[in-house]
Every structure is written in C-alpha cells, then in structure tokens.
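First the structure, in the form of structure tokens, and then the observations on it.
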Number of protein chains: 2
Amino acid sequence: MVKPPGQTERDAKARILDAADAVFVRRGTDGARMQEIADEAGVNKALLHYYFRSKADLARAVWLRIASSFVPGIFEMLASDASLDDKIDRFVDAYLTRLSRHHYLITYVVSEAARHPDLVPAFYSSGRGGAARHMMSKLRRQIGEEIEKGRMAPVAPDQFLITLVSSCAFPFAARPMITAGLGLGAKGFDKFIEKRRKDLPVFLKRALRP
Amino acid sequence: MVKPPGQTERDAKARILDAADAVFVRRGTDGARMQEIADEAGVNKALLHYYFRSKADLARAVWLRIASSFVPGIFEMLASDASLDDKIDRFVDAYLTRLSRHHYLITYVVSEAARHPDLVPAFYSSGRGGAARHMMSKLRRQIGEEIEKGRMAPVAPDQFLITLVSSCAFPFAARPMITAGLGLGAKGFDKFIEKRRKDLPVFLKRALRP
DNA sequence: GTCTATACTCTGATAGAC
DNA sequence: GTCTATCAGAGTATAGAC
C-alpha cells in the first residue's frame, strides 16, 4: 500500500482473490476448501493465511468484491432519471446478461445472505453508503407520480421492484430445477433466457398498463 | 419393515429424520453437523449411522422427503381442470403460505440443487414418475387454448410459469437481502408477503389480459 | 436399538526456513 | 513474499458393550 507493490505481490494476492471468488461461489462458503483455492491460484495454502488471516476473512473479502461489482451500477441505473419503461428494459437486459455469465452467482449470494445475515448490510453499502435508501426513495417517488398521472396501473412500488428482480434472478438460482422441470436440454436453458430477455419486459409493461 | 416396528424404533428414526430436516435446511448440507442433528433428535451420533449409513445418505433421505411433501400437491393442482385464473390464485396462496412457514426451505432446495444436480431428477419423480411431464403438457395446452380463443395475451407458457414461480419463491430465497434493501423491520417482511398475496395475482392476471 | 469410546481423516491455521 | 512441514481441532464413521 505504502510503496509501489512488487509485481509478484499484487499478482499473488489478486490471483488468490480470483481463485477464492471462483471456489466460494461454486462450492459455497462451507463447501469451499482452502486447498482448492490455493491450487486454483497456483500458490501454497499458507499464503492464503498470509494475505487473509482466516477463511472467514477471505470469504468476507470475496463477498464484498462481488457486492461492489454488482450493486452500484444497478442502483445508479434505477435511481437515474430514465423513464420507467427504459429502466425495465435495461434492468432485465443487464441482469440476464450478467447472471448468464456467472451461473452460480445468485445461488451463492442468496445462500450466503441466508446463512450469514450479518454480511448483508455491507452488501448494500459497498458503493457509497445510503445508496440503497436513495435509490428506493427515488424509485418510489417516480412510480408514485406515474400512477398519479394515470400513466400506470396502481401497483405498490416495492412489490413491483421485487417482482422485477425475482423474475430475472430466480431462473438462474433455480437453474437445475428449471432445466429438469421444463425438460430443457443442454442449450435449452440459454435459449430460454434469450427468449425471456425479449418477453419479460413486454410482460411486465403489460401488467403496468393503466 | 417386515414385522410391526417397535415403538422406540419408529420414534427414534422419525425423530432423527425430523432433526436432520431442520438442521440440513437451516445450515445447508455442507454446514450441517451430525452432532447437531443427534442433539436435536435427542439421540447419540452413532445412531444416525445405524439408521442411515452416512451423512450423504441422510441428506438424500431429507431431500426426498421434502420433495415428496412439496411437489405432488402443486403439480396436481397445476394439472387440474381449474381455470387459469383459479390456478394463479391457488398457486400464489399455497406457495406463499408454505414458504412463510419454512423460511429456509427455498434457499436449501435451490443451493442443494445447484451443488448436487444429480439429486434433481429424484425431486420431480418423488410422486409418481412422469408427473412433471404430464403437468407441463397439460398446462401448455391449456394456455395455448386460452390464447387461441383470444381470452389471453400471447405469452409463452413456460415463461409465464417461471415468472409465476419466481415471483413467489424468490422473495423468500432472498429474504435477508430484501428485508435490508427495502428497509423492512422485523415484522415488515411478513406484512410485505401478506400484501403480496393480494397484489401478485392481480398483477399477473393484468399482464395476461388480451 | 441405543449407548460409550475411539479410530481415522480432513482441514484450517501456524512455525520457521529460504 | 513464498514455501515445507506440522499441529491441533473438528468431524465422520466404526467397534463393541449393554
């Protein structure tokens, strides 16, 4: 931090964090093994403890890194001055794209949050603090105004937001269940998501028609 | 199995299964400890291995029990001759009621399915085999007919089903995230769900208007 | 069937050389 | 900063008495 970091130091620490990210997300915190992380980072187990004191600390670092790569962009978009229709389009597109690339991400976040509720506040304040509150109040106001002007059916803003998030996130969380349940093949799920990318915004906007 | 089981045998085995259910669902399979299950069942650790050979076997038994208590009823309802509107009402009501009582259930099912995809087929065939296929084909046909008769907007049946399930299930899977994100208090989440029970069917049917 | 005692493995964490 | 070697504890599973 103080002096220009030597090549190898940054590299090793960064590689460890990348490896830890992959392994924790894939196996869950409890299922993850320090040895597997070390192997995947190409370093020795002891080095993990050198940079991050304990497994719990490493897990926390990974959690925060994921949060800060996830929350700020989406919050900012939802708090912007874009129209509600635009926000729906962008949210669905961004979320589906993002989660398509990281299959296990949602499962990890959800189960980690359930098992370690104390980590949750840090998730939201990974950007600047209070971003969640700011976004929510802005979004609530926007939806309230749309309803008042008769441009939108009277739906509770919070309920709508959760329906929006749920419709995007859950298919990935339940991916194996859905693949089997709908009888989808190997590429079937990806096709399903690509169709969803087109259909879901239409469906949601239809429900909002006054 | 062969002779009438002695009181204690059934009791102990049943208690173990109940305890295992609670602990596995609460901690996840990896986080669960045989000792905790034994304690919660009021028996010794060794007895778990007497009835169920290994931790993996016990986990499998719990998984199947949950599946068979979850799948058949809902599949039967969705495959019934009830109207689509009725099915929406019943599904939302049943799902929200069910998951309200077992907070961790969805998180457990989702993360277990992700980490052990080999368990998924057994989940669906926990009733009679092929129930999933039968339900899906019936539901697809029903929705297809409604659309054809112009009584419903043209939505892909599979997409709609997943939206329906997602909207009900995800709020529980993400409960801690939602509670914090929306700034809900202790009882806030329950109120949120009760409102959802009324609002969600309205919202979904609105989206289906032709 | 149920318990106590114990074997054995796995894993997180530390000590210490280089 | 990075490695090898090792410890201590936790955890699953088994042996064997009752």
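Each chain in the structure tokens gets a letter, A, B and so on, in the order shown; residues start at 1 in every chain, and ligands are counted from 1 in the order they appear.
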
Define the interface residues of chain C facing chain B as those within 8 Å, counting only C-alpha atoms (C1' of nucleotides), and report them as a PDB file with N, CA and C atoms (P, O5', C5', C4', C3', O3' and C1' of nucleotides), in the first residue's frame.
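After the write, result_21.pdb holds the following:
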```pdb
ATOM      1  P    DG C   1     -35.382 -52.380  15.290  1.00  0.00           P
ATOM      2  O5'  DG C   1     -35.030 -51.604  16.583  1.00  0.00           O
ATOM      3  C5'  DG C   1     -33.705 -51.533  17.140  1.00  0.00           C
ATOM      4  C4'  DG C   1     -33.850 -50.696  18.378  1.00  0.00           C
ATOM      5  C3'  DG C   1     -33.388 -49.251  18.186  1.00  0.00           C
ATOM      6  O3'  DG C   1     -33.899 -48.515  19.290  1.00  0.00           O
ATOM      7  C1'  DG C   1     -31.752 -50.436  19.383  1.00  0.00           C
ATOM      8  P    DT C   2     -33.785 -46.912  19.323  1.00  0.00           P
ATOM      9  O5'  DT C   2     -32.475 -46.619  20.166  1.00  0.00           O
ATOM     10  C5'  DT C   2     -32.529 -46.815  21.590  1.00  0.00           C
ATOM     11  C4'  DT C   2     -31.138 -46.722  22.166  1.00  0.00           C
ATOM     12  C3'  DT C   2     -30.335 -45.482  21.740  1.00  0.00           C
ATOM     13  O3'  DT C   2     -30.200 -44.611  22.840  1.00  0.00           O
ATOM     14  C1'  DT C   2     -29.005 -47.460  21.809  1.00  0.00           C
ATOM     15  P    DC C   3     -29.318 -43.313  22.714  1.00  0.00           P
ATOM     16  O5'  DC C   3     -27.950 -43.752  23.427  1.00  0.00           O
ATOM     17  C5'  DC C   3     -27.968 -44.117  24.804  1.00  0.00           C
ATOM     18  C4'  DC C   3     -26.633 -44.741  25.202  1.00  0.00           C
ATOM     19  C3'  DC C   3     -25.448 -43.812  25.002  1.00  0.00           C
ATOM     20  O3'  DC C   3     -24.953 -43.311  26.247  1.00  0.00           O
ATOM     21  C1'  DC C   3     -25.009 -46.008  24.117  1.00  0.00           C
TER      22       DC C   3
END
```

Taking only C-alpha atoms into account, report as a short mmCIF file (atom, residue, chain, number, x, y, z; two decimals) with C-alpha atoms, in the first residue's frame which residues of chain B lie within 6 Å of chain A.
```cif
data_model
loop_
_atom_site.label_atom_id
_atom_site.label_comp_id
_atom_site.auth_asym_id
_atom_site.auth_seq_id
_atom_site.Cartn_x
_atom_site.Cartn_y
_atom_site.Cartn_z
CA ASP B 30 -22.13 -28.82 3.98
CA GLY B 31 -22.70 -26.67 7.04
CA THR B 107 -32.71 -21.48 -0.06
CA VAL B 110 -32.02 -24.08 -4.57
CA SER B 111 -28.49 -24.37 -3.27
CA THR B 163 -42.40 -15.90 -13.79
CA SER B 166 -40.09 -16.82 -9.41
CA SER B 167 -42.39 -14.12 -8.10
CA PHE B 170 -37.53 -15.60 -4.80
CA ALA B 174 -33.64 -13.54 -0.85
CA PHE B 203 -50.67 -8.10 -11.25
CA ARG B 206 -53.42 -7.97 -15.55
CA ALA B 207 -50.42 -8.90 -17.64
#
```

Discussion item. Using Å and a single decimal, report how far CA of Val92 in chain A sits from CA of Gly73 in chain A.
Written reply: 13.4 Å

Practice prompt. Just the residues within 8 Å of range 74-81 of chain A, please, counting only C-alpha atoms (C1' of nucleotides), with nothing from its chain fewer than 3 positions along; format it as a VMD selection string.
Written response: chain A and resid 70 to 71 87 91 131 to 132 134 to 136 138 to 139

Could you write out that same residue set with N, CA and C atoms as a JSON list (two decimals), in the first residue's frame?
```json
[["chain", "number", "residue", "atom", "x", "y", "z"],
["A", 70, "PHE", "N", -21.54, -5.48, -8.22],
["A", 70, "PHE", "CA", -22.91, -5.79, -8.60],
["A", 70, "PHE", "C", -23.85, -4.63, -8.31],
["A", 71, "VAL", "N", -23.75, -4.13, -7.10],
["A", 71, "VAL", "CA", -24.74, -3.17, -6.60],
["A", 71, "VAL", "C", -24.67, -1.78, -7.27],
["A", 87, "LYS", "N", -36.09, 1.79, -17.69],
["A", 87, "LYS", "CA", -35.46, 1.09, -16.57],
["A", 87, "LYS", "C", -35.77, -0.40, -16.60],
["A", 91, "PHE", "N", -32.84, -2.99, -16.93],
["A", 91, "PHE", "CA", -32.64, -3.90, -15.79],
["A", 91, "PHE", "C", -32.67, -5.35, -16.26],
["A", 131, "ALA", "N", -26.78, 4.37, -0.55],
["A", 131, "ALA", "CA", -27.20, 4.30, -1.95],
["A", 131, "ALA", "C", -28.53, 3.56, -2.08],
["A", 132, "ALA", "N", -28.70, 2.55, -1.24],
["A", 132, "ALA", "CA", -29.95, 1.78, -1.30],
["A", 132, "ALA", "C", -31.14, 2.67, -0.96],
["A", 134, "HIS", "N", -31.36, 5.90, -1.05],
["A", 134, "HIS", "CA", -31.54, 6.92, -2.08],
["A", 134, "HIS", "C", -32.25, 6.35, -3.30],
["A", 135, "MET", "N", -31.80, 5.21, -3.76],
["A", 135, "MET", "CA", -32.41, 4.58, -4.93],
["A", 135, "MET", "C", -33.87, 4.26, -4.67],
["A", 136, "MET", "N", -34.14, 3.69, -3.52],
["A", 136, "MET", "CA", -35.52, 3.30, -3.22],
["A", 136, "MET", "C", -36.45, 4.50, -3.16],
["A", 138, "LYS", "N", -36.12, 7.39, -4.54],
["A", 138, "LYS", "CA", -36.28, 7.95, -5.88],
["A", 138, "LYS", "C", -37.25, 7.11, -6.72],
["A", 139, "LEU", "N", -37.07, 5.82, -6.66],
["A", 139, "LEU", "CA", -37.90, 4.91, -7.45],
["A", 139, "LEU", "C", -39.35, 4.95, -6.98]]
```

Practice prompt. Tell me, as a ChimeraX atom specification, which residues lie within 10 Å of DT14 in chain D, counting only C-alpha atoms (C1' of nucleotides); anything in the same chain fewer than 2 positions away does not count.
Written response: /B:46,49 /C:6-8 /D:12,16

Which residues of chain D come within 8 Å of chain A, and for each one, what is the closest pair of atoms and their distance in Å to one decimal, counting only C-alpha atoms (C1' of nucleotides), sorted by chain and residue number, as JSON lines?
```
{"residue": "D:DG1", "atom": "C1'", "partner": "A:Glu9", "partner_atom": "CA", "distance": 7.0}
{"residue": "D:DT2", "atom": "C1'", "partner": "A:Leu47", "partner_atom": "CA", "distance": 7.0}
{"residue": "D:DC3", "atom": "C1'", "partner": "A:Asn44", "partner_atom": "CA", "distance": 7.1}
```
